$ cat structure_21.cif   # mmCIF, N, CA and C atoms
data_data
#
loop_
_atom_site.label_atom_id
_atom_site.label_comp_id
_atom_site.auth_asym_id
_atom_site.auth_seq_id
_atom_site.Cartn_x
_atom_site.Cartn_y
_atom_site.Cartn_z
N MET A 1 53.95 30.09 31.70
CA MET A 1 53.24 31.32 31.37
C MET A 1 53.62 32.38 32.39
N LYS A 2 53.94 33.54 31.90
CA LYS A 2 54.24 34.67 32.77
C LYS A 2 52.94 35.25 33.34
N VAL A 3 53.07 35.93 34.46
CA VAL A 3 51.91 36.58 35.09
C VAL A 3 51.26 37.53 34.09
N SER A 4 52.07 38.29 33.36
CA SER A 4 51.52 39.25 32.40
C SER A 4 50.76 38.55 31.28
N ASP A 5 51.24 37.39 30.85
CA ASP A 5 50.54 36.62 29.82
C ASP A 5 49.17 36.17 30.32
N PHE A 6 49.13 35.69 31.55
CA PHE A 6 47.87 35.23 32.11
C PHE A 6 46.90 36.40 32.30
N GLN A 7 47.40 37.52 32.78
CA GLN A 7 46.54 38.68 32.97
C GLN A 7 45.97 39.14 31.63
N LEU A 8 46.78 39.12 30.58
CA LEU A 8 46.31 39.49 29.25
C LEU A 8 45.24 38.51 28.77
N LEU A 9 45.43 37.22 29.01
CA LEU A 9 44.43 36.22 28.64
C LEU A 9 43.10 36.49 29.34
N MET A 10 43.14 36.77 30.64
CA MET A 10 41.91 37.07 31.38
C MET A 10 41.25 38.34 30.83
N ASN A 11 42.09 39.30 30.43
CA ASN A 11 41.57 40.54 29.86
C ASN A 11 40.85 40.26 28.53
N GLU A 12 41.50 39.47 27.68
CA GLU A 12 40.91 39.13 26.38
C GLU A 12 39.61 38.35 26.54
N LEU A 13 39.59 37.41 27.48
CA LEU A 13 38.43 36.55 27.66
C LEU A 13 37.27 37.23 28.38
N TYR A 14 37.58 37.98 29.43
CA TYR A 14 36.52 38.38 30.36
C TYR A 14 36.39 39.87 30.66
N TYR A 15 37.27 40.71 30.12
CA TYR A 15 37.23 42.13 30.50
C TYR A 15 35.86 42.75 30.29
N HIS A 16 35.23 42.45 29.16
CA HIS A 16 33.92 43.05 28.87
C HIS A 16 32.89 42.69 29.94
N ARG A 17 32.97 41.47 30.49
CA ARG A 17 32.05 41.08 31.56
C ARG A 17 32.49 41.67 32.90
N ASP A 18 33.80 41.65 33.13
CA ASP A 18 34.32 42.13 34.42
C ASP A 18 34.04 43.62 34.62
N VAL A 19 34.27 44.42 33.59
CA VAL A 19 34.07 45.85 33.72
C VAL A 19 32.59 46.16 33.91
N GLU A 20 31.73 45.37 33.28
CA GLU A 20 30.29 45.54 33.48
C GLU A 20 29.89 45.20 34.92
N ARG A 21 30.50 44.14 35.45
CA ARG A 21 30.21 43.70 36.82
C ARG A 21 30.71 44.73 37.82
N GLY A 22 31.86 45.33 37.53
CA GLY A 22 32.43 46.34 38.40
C GLY A 22 33.38 45.79 39.45
N VAL A 23 34.06 46.72 40.10
CA VAL A 23 35.09 46.36 41.08
C VAL A 23 34.50 45.60 42.26
N TYR A 24 33.46 46.13 42.86
CA TYR A 24 32.93 45.52 44.08
C TYR A 24 32.44 44.09 43.85
N LYS A 25 31.65 43.87 42.82
CA LYS A 25 31.12 42.52 42.58
C LYS A 25 32.21 41.55 42.15
N THR A 26 33.20 42.05 41.43
CA THR A 26 34.34 41.20 41.06
C THR A 26 35.13 40.82 42.31
N PHE A 27 35.30 41.77 43.21
CA PHE A 27 35.97 41.48 44.48
C PHE A 27 35.20 40.43 45.29
N ILE A 28 33.88 40.52 45.28
CA ILE A 28 33.06 39.53 46.00
C ILE A 28 33.27 38.14 45.41
N TRP A 29 33.39 38.02 44.09
CA TRP A 29 33.69 36.72 43.47
C TRP A 29 35.04 36.20 43.96
N LEU A 30 36.02 37.09 44.05
CA LEU A 30 37.34 36.70 44.54
C LEU A 30 37.24 36.18 45.97
N VAL A 31 36.51 36.89 46.81
CA VAL A 31 36.36 36.48 48.21
C VAL A 31 35.65 35.12 48.29
N GLU A 32 34.66 34.89 47.44
CA GLU A 32 33.97 33.60 47.43
C GLU A 32 34.94 32.48 47.08
N GLU A 33 35.83 32.73 46.13
CA GLU A 33 36.83 31.71 45.77
C GLU A 33 37.78 31.45 46.92
N ILE A 34 38.15 32.48 47.65
CA ILE A 34 39.01 32.30 48.82
C ILE A 34 38.27 31.47 49.87
N GLY A 35 36.98 31.71 50.02
CA GLY A 35 36.17 30.91 50.94
C GLY A 35 36.13 29.45 50.52
N GLU A 36 36.00 29.19 49.22
CA GLU A 36 36.00 27.81 48.73
C GLU A 36 37.35 27.14 48.99
N LEU A 37 38.43 27.89 48.83
CA LEU A 37 39.76 27.36 49.16
C LEU A 37 39.82 27.02 50.64
N ALA A 38 39.34 27.91 51.48
CA ALA A 38 39.34 27.68 52.93
C ALA A 38 38.56 26.43 53.27
N ASP A 39 37.39 26.24 52.66
CA ASP A 39 36.59 25.05 52.90
C ASP A 39 37.37 23.79 52.53
N ASN A 40 38.05 23.82 51.40
CA ASN A 40 38.82 22.65 50.96
C ASN A 40 40.02 22.39 51.85
N LEU A 41 40.66 23.44 52.35
CA LEU A 41 41.81 23.26 53.23
C LEU A 41 41.40 22.79 54.62
N ASN A 42 40.15 23.02 54.96
CA ASN A 42 39.65 22.67 56.29
C ASN A 42 39.19 21.21 56.37
N LYS A 43 39.23 20.49 55.27
CA LYS A 43 38.79 19.09 55.26
C LYS A 43 39.89 18.20 55.78
N LYS A 44 39.46 17.09 56.39
CA LYS A 44 40.43 16.15 56.95
C LYS A 44 41.33 15.56 55.85
N ASP A 45 40.71 15.14 54.76
CA ASP A 45 41.46 14.59 53.64
C ASP A 45 41.55 15.65 52.55
N LEU A 46 42.73 16.21 52.38
CA LEU A 46 42.91 17.29 51.40
C LEU A 46 42.87 16.73 49.98
N ASN A 47 42.06 17.35 49.15
CA ASN A 47 41.97 16.99 47.74
C ASN A 47 42.79 18.01 46.95
N ARG A 48 44.00 17.61 46.58
CA ARG A 48 44.93 18.53 45.93
C ARG A 48 44.38 19.06 44.60
N SER A 49 43.59 18.26 43.91
CA SER A 49 43.01 18.69 42.65
C SER A 49 42.02 19.84 42.86
N LYS A 50 41.15 19.70 43.86
CA LYS A 50 40.19 20.77 44.16
C LYS A 50 40.91 22.02 44.67
N ILE A 51 41.92 21.82 45.50
CA ILE A 51 42.70 22.96 46.02
C ILE A 51 43.40 23.67 44.86
N SER A 52 43.95 22.91 43.94
CA SER A 52 44.61 23.48 42.77
C SER A 52 43.62 24.32 41.95
N ASP A 53 42.42 23.79 41.76
CA ASP A 53 41.38 24.54 41.02
C ASP A 53 41.04 25.85 41.72
N GLU A 54 40.91 25.82 43.03
CA GLU A 54 40.56 27.03 43.77
C GLU A 54 41.69 28.06 43.71
N LEU A 55 42.93 27.60 43.80
CA LEU A 55 44.06 28.53 43.69
C LEU A 55 44.07 29.19 42.31
N ALA A 56 43.80 28.40 41.28
CA ALA A 56 43.74 28.96 39.92
C ALA A 56 42.62 29.98 39.81
N ASP A 57 41.46 29.67 40.40
CA ASP A 57 40.34 30.62 40.37
C ASP A 57 40.70 31.92 41.08
N ILE A 58 41.41 31.82 42.20
CA ILE A 58 41.80 33.02 42.95
C ILE A 58 42.72 33.89 42.10
N ILE A 59 43.65 33.27 41.41
CA ILE A 59 44.56 34.03 40.55
C ILE A 59 43.79 34.65 39.38
N ALA A 60 42.83 33.90 38.83
CA ALA A 60 42.03 34.43 37.72
C ALA A 60 41.20 35.64 38.15
N TRP A 61 40.52 35.54 39.31
CA TRP A 61 39.70 36.66 39.79
C TRP A 61 40.57 37.84 40.21
N THR A 62 41.75 37.57 40.75
CA THR A 62 42.69 38.64 41.08
C THR A 62 43.12 39.36 39.80
N SER A 63 43.37 38.60 38.75
CA SER A 63 43.73 39.20 37.46
C SER A 63 42.59 40.05 36.91
N SER A 64 41.37 39.56 37.03
CA SER A 64 40.22 40.32 36.56
C SER A 64 40.08 41.63 37.31
N LEU A 65 40.26 41.57 38.61
CA LEU A 65 40.18 42.79 39.42
C LEU A 65 41.28 43.78 39.02
N ALA A 66 42.48 43.27 38.81
CA ALA A 66 43.59 44.13 38.38
C ALA A 66 43.29 44.74 37.01
N ASN A 67 42.69 43.97 36.12
CA ASN A 67 42.37 44.50 34.79
C ASN A 67 41.37 45.64 34.89
N ILE A 68 40.35 45.48 35.70
CA ILE A 68 39.36 46.55 35.86
C ILE A 68 40.03 47.81 36.38
N LEU A 69 40.98 47.64 37.30
CA LEU A 69 41.65 48.77 37.95
C LEU A 69 42.88 49.25 37.18
N ASN A 70 43.16 48.59 36.03
CA ASN A 70 44.31 48.94 35.20
C ASN A 70 45.62 48.85 35.98
N ILE A 71 45.79 47.74 36.69
CA ILE A 71 47.00 47.46 37.46
C ILE A 71 47.75 46.31 36.79
N ASP A 72 49.01 46.51 36.51
CA ASP A 72 49.87 45.48 35.94
C ASP A 72 50.36 44.60 37.09
N LEU A 73 49.79 43.40 37.18
CA LEU A 73 50.12 42.52 38.30
C LEU A 73 51.60 42.12 38.32
N GLU A 74 52.15 41.83 37.17
CA GLU A 74 53.55 41.42 37.13
C GLU A 74 54.45 42.53 37.69
N LYS A 75 54.20 43.76 37.27
CA LYS A 75 54.96 44.90 37.79
C LYS A 75 54.72 45.06 39.29
N ALA A 76 53.48 44.94 39.72
CA ALA A 76 53.16 45.08 41.15
C ALA A 76 53.90 44.02 41.97
N LEU A 77 53.96 42.80 41.46
CA LEU A 77 54.66 41.73 42.18
C LEU A 77 56.16 42.00 42.26
N ILE A 78 56.73 42.43 41.16
CA ILE A 78 58.18 42.72 41.14
C ILE A 78 58.50 43.90 42.05
N ASP A 79 57.65 44.92 42.03
CA ASP A 79 57.88 46.08 42.89
C ASP A 79 57.74 45.72 44.36
N LYS A 80 56.75 44.90 44.69
CA LYS A 80 56.48 44.56 46.09
C LYS A 80 57.47 43.51 46.62
N TYR A 81 57.87 42.56 45.76
CA TYR A 81 58.76 41.46 46.17
C TYR A 81 59.99 41.45 45.26
N PRO A 82 60.96 42.32 45.55
CA PRO A 82 62.12 42.51 44.66
C PRO A 82 63.22 41.47 44.85
N ASN A 83 62.84 40.20 44.87
CA ASN A 83 63.80 39.10 44.93
C ASN A 83 64.58 39.04 46.25
N LYS A 84 63.96 39.59 47.30
CA LYS A 84 64.58 39.54 48.62
C LYS A 84 63.50 39.79 49.67
N CYS A 85 63.78 39.38 50.88
CA CYS A 85 62.87 39.62 51.99
C CYS A 85 62.80 41.12 52.26
N LEU A 86 61.59 41.63 52.43
CA LEU A 86 61.42 43.06 52.67
C LEU A 86 61.88 43.48 54.07
N SER A 87 61.96 42.52 54.98
CA SER A 87 62.37 42.84 56.35
C SER A 87 63.88 42.75 56.55
N CYS A 88 64.49 41.65 56.09
CA CYS A 88 65.92 41.45 56.36
C CYS A 88 66.81 41.65 55.14
N ASP A 89 66.20 41.93 53.99
CA ASP A 89 66.94 42.20 52.75
C ASP A 89 67.73 40.98 52.25
N SER A 90 67.33 39.76 52.65
CA SER A 90 68.06 38.56 52.26
C SER A 90 67.21 37.65 51.38
N ASN A 91 67.90 36.78 50.64
CA ASN A 91 67.25 35.73 49.86
C ASN A 91 68.10 34.48 49.98
N PRO A 92 67.62 33.48 50.73
CA PRO A 92 66.31 33.37 51.37
C PRO A 92 66.23 34.24 52.64
N CYS A 93 65.02 34.39 53.12
CA CYS A 93 64.77 35.18 54.32
C CYS A 93 65.56 34.61 55.50
N LYS A 94 66.14 35.52 56.28
CA LYS A 94 66.89 35.13 57.48
C LYS A 94 66.27 35.72 58.75
N CYS A 95 65.03 36.18 58.63
CA CYS A 95 64.35 36.75 59.78
C CYS A 95 64.14 35.68 60.86
N ASP A 96 64.12 36.11 62.10
CA ASP A 96 63.88 35.19 63.21
C ASP A 96 62.40 35.03 63.48
N LYS A 97 61.55 35.67 62.69
CA LYS A 97 60.11 35.65 62.92
C LYS A 97 59.48 34.37 62.47
#
$ encode --input "structure_21.cif" --output "structure tokens"
Amino acid sequence: MKVSDFQLLMNELYYHRDVERGVYKTFIWLVEEIGELADNLNKKDLNRSKISDELADIIAWTSSLANILNIDLEKALIDKYPNKCLSCDSNPCKCDK
């Protein structure tokens, strides 16, 4: 599934709820999911299934936030990460950092 396909799916499923909730409250949901990911990553025994679920939730809430703000995530990703490192202009990155 392409990023744009997933964003469209989130729009079809949840836009009416997301726009009602608004940008700030939707952002808070995203932050809560990031916190849940952090909690799972901080455990001694990593549960890849739970971590996978949290990563999916983060992408879903990010898509919802982008939908409210009318931002095309796929375009934003391509513009920001144009198939090369932004610092050294290489793929793969050859930075010493």
$ select_by_dssp --input "structure_21.cif" --residues "chain A" --states "helix (DSSP H, G or I)" --output "MDAnalysis selection string"
chainID A and resid 3:41 48:68 73:80
$ atom_distance --input "structure_21.cif" --atom1 "atom N of A:Glu74" --atom2 "atom C of A:Lys50"
24.0 Å
$ residues_around --input "structure_21.cif" --residues "A:Val3" --least-positions-apart "2" --cutoff "8 Å" --atoms "all atoms listed in the file" --output "PyMOL selection string"
chain A and resi 1+5-9+72-75
$ resolve_selection --input "structure_21.cif" --expression "the PyMOL selection byres (((chain A and resi 61 and name CA) around 8) and name CA)" --output "VMD selection string"
chain A and resid 26 to 27 29 to 30 57 to 60 62 to 65
$ write_last_selection --input "structure_21.cif" --atoms "N, CA and C atoms" --output "short mmCIF file (atom, residue, chain, number, x, y, z; two decimals), in the frame of the given file"
data_model
loop_
_atom_site.label_atom_id
_atom_site.label_comp_id
_atom_site.auth_asym_id
_atom_site.auth_seq_id
_atom_site.Cartn_x
_atom_site.Cartn_y
_atom_site.Cartn_z
N THR A 26 33.20 42.05 41.43
CA THR A 26 34.34 41.20 41.06
C THR A 26 35.13 40.82 42.31
N PHE A 27 35.30 41.77 43.21
CA PHE A 27 35.97 41.48 44.48
C PHE A 27 35.20 40.43 45.29
N TRP A 29 33.39 38.02 44.09
CA TRP A 29 33.69 36.72 43.47
C TRP A 29 35.04 36.20 43.96
N LEU A 30 36.02 37.09 44.05
CA LEU A 30 37.34 36.70 44.54
C LEU A 30 37.24 36.18 45.97
N ASP A 57 41.46 29.67 40.40
CA ASP A 57 40.34 30.62 40.37
C ASP A 57 40.70 31.92 41.08
N ILE A 58 41.41 31.82 42.20
CA ILE A 58 41.80 33.02 42.95
C ILE A 58 42.72 33.89 42.10
N ILE A 59 43.65 33.27 41.41
CA ILE A 59 44.56 34.03 40.55
C ILE A 59 43.79 34.65 39.38
N ALA A 60 42.83 33.90 38.83
CA ALA A 60 42.03 34.43 37.72
C ALA A 60 41.20 35.64 38.15
N THR A 62 41.75 37.57 40.75
CA THR A 62 42.69 38.64 41.08
C THR A 62 43.12 39.36 39.80
N SER A 63 43.37 38.60 38.75
CA SER A 63 43.73 39.20 37.46
C SER A 63 42.59 40.05 36.91
N SER A 64 41.37 39.56 37.03
CA SER A 64 40.22 40.32 36.56
C SER A 64 40.08 41.63 37.31
N LEU A 65 40.26 41.57 38.61
CA LEU A 65 40.18 42.79 39.42
C LEU A 65 41.28 43.78 39.02
#
$ atom_distance --input "structure_21.cif" --atom1 "atom CA of A:Leu13" --atom2 "atom CA of A:Ala56"
15.4 Å
$ residues_around --input "structure_21.cif" --residues "A:Val23" --least-positions-apart "2" --cutoff "10 Å" --atoms "only C-alpha atoms" --output "PyMOL selection string"
chain A and resi 18-21+25-28+64-69
$ residues_around --input "structure_21.cif" --residues "A:Asp96" --least-positions-apart "3" --cutoff "12 Å" --atoms "only C-alpha atoms" --output "count of residues only"
3
$ atom_distance --input "structure_21.cif" --atom1 "atom CA of A:Leu37" --atom2 "atom C of A:Ser49"
10.1 Å
$ axis_aligned_box --input "structure_21.cif" --around "stretch 68-82 of chain A" --padding-each-side "4 Å" --output "JSON"
{"center_x": 51.3, "center_y": 45.3, "center_z": 40.9, "size_x": 31.9, "size_y": 15.8, "size_z": 19.4}
$ closest_residue --input "structure_21.cif" --among "A:Cys85, A:Leu46, A:Leu55, A:Arg17" --to "A:Ile34" --atoms "all atoms listed in the file"
A:Leu55
$ closest_residue --input "structure_21.cif" --among "A:Leu41, A:Ile71, A:Ala76, A:Ile51" --to "A:Asn11" --atoms "only C-alpha atoms"
A:Ile71
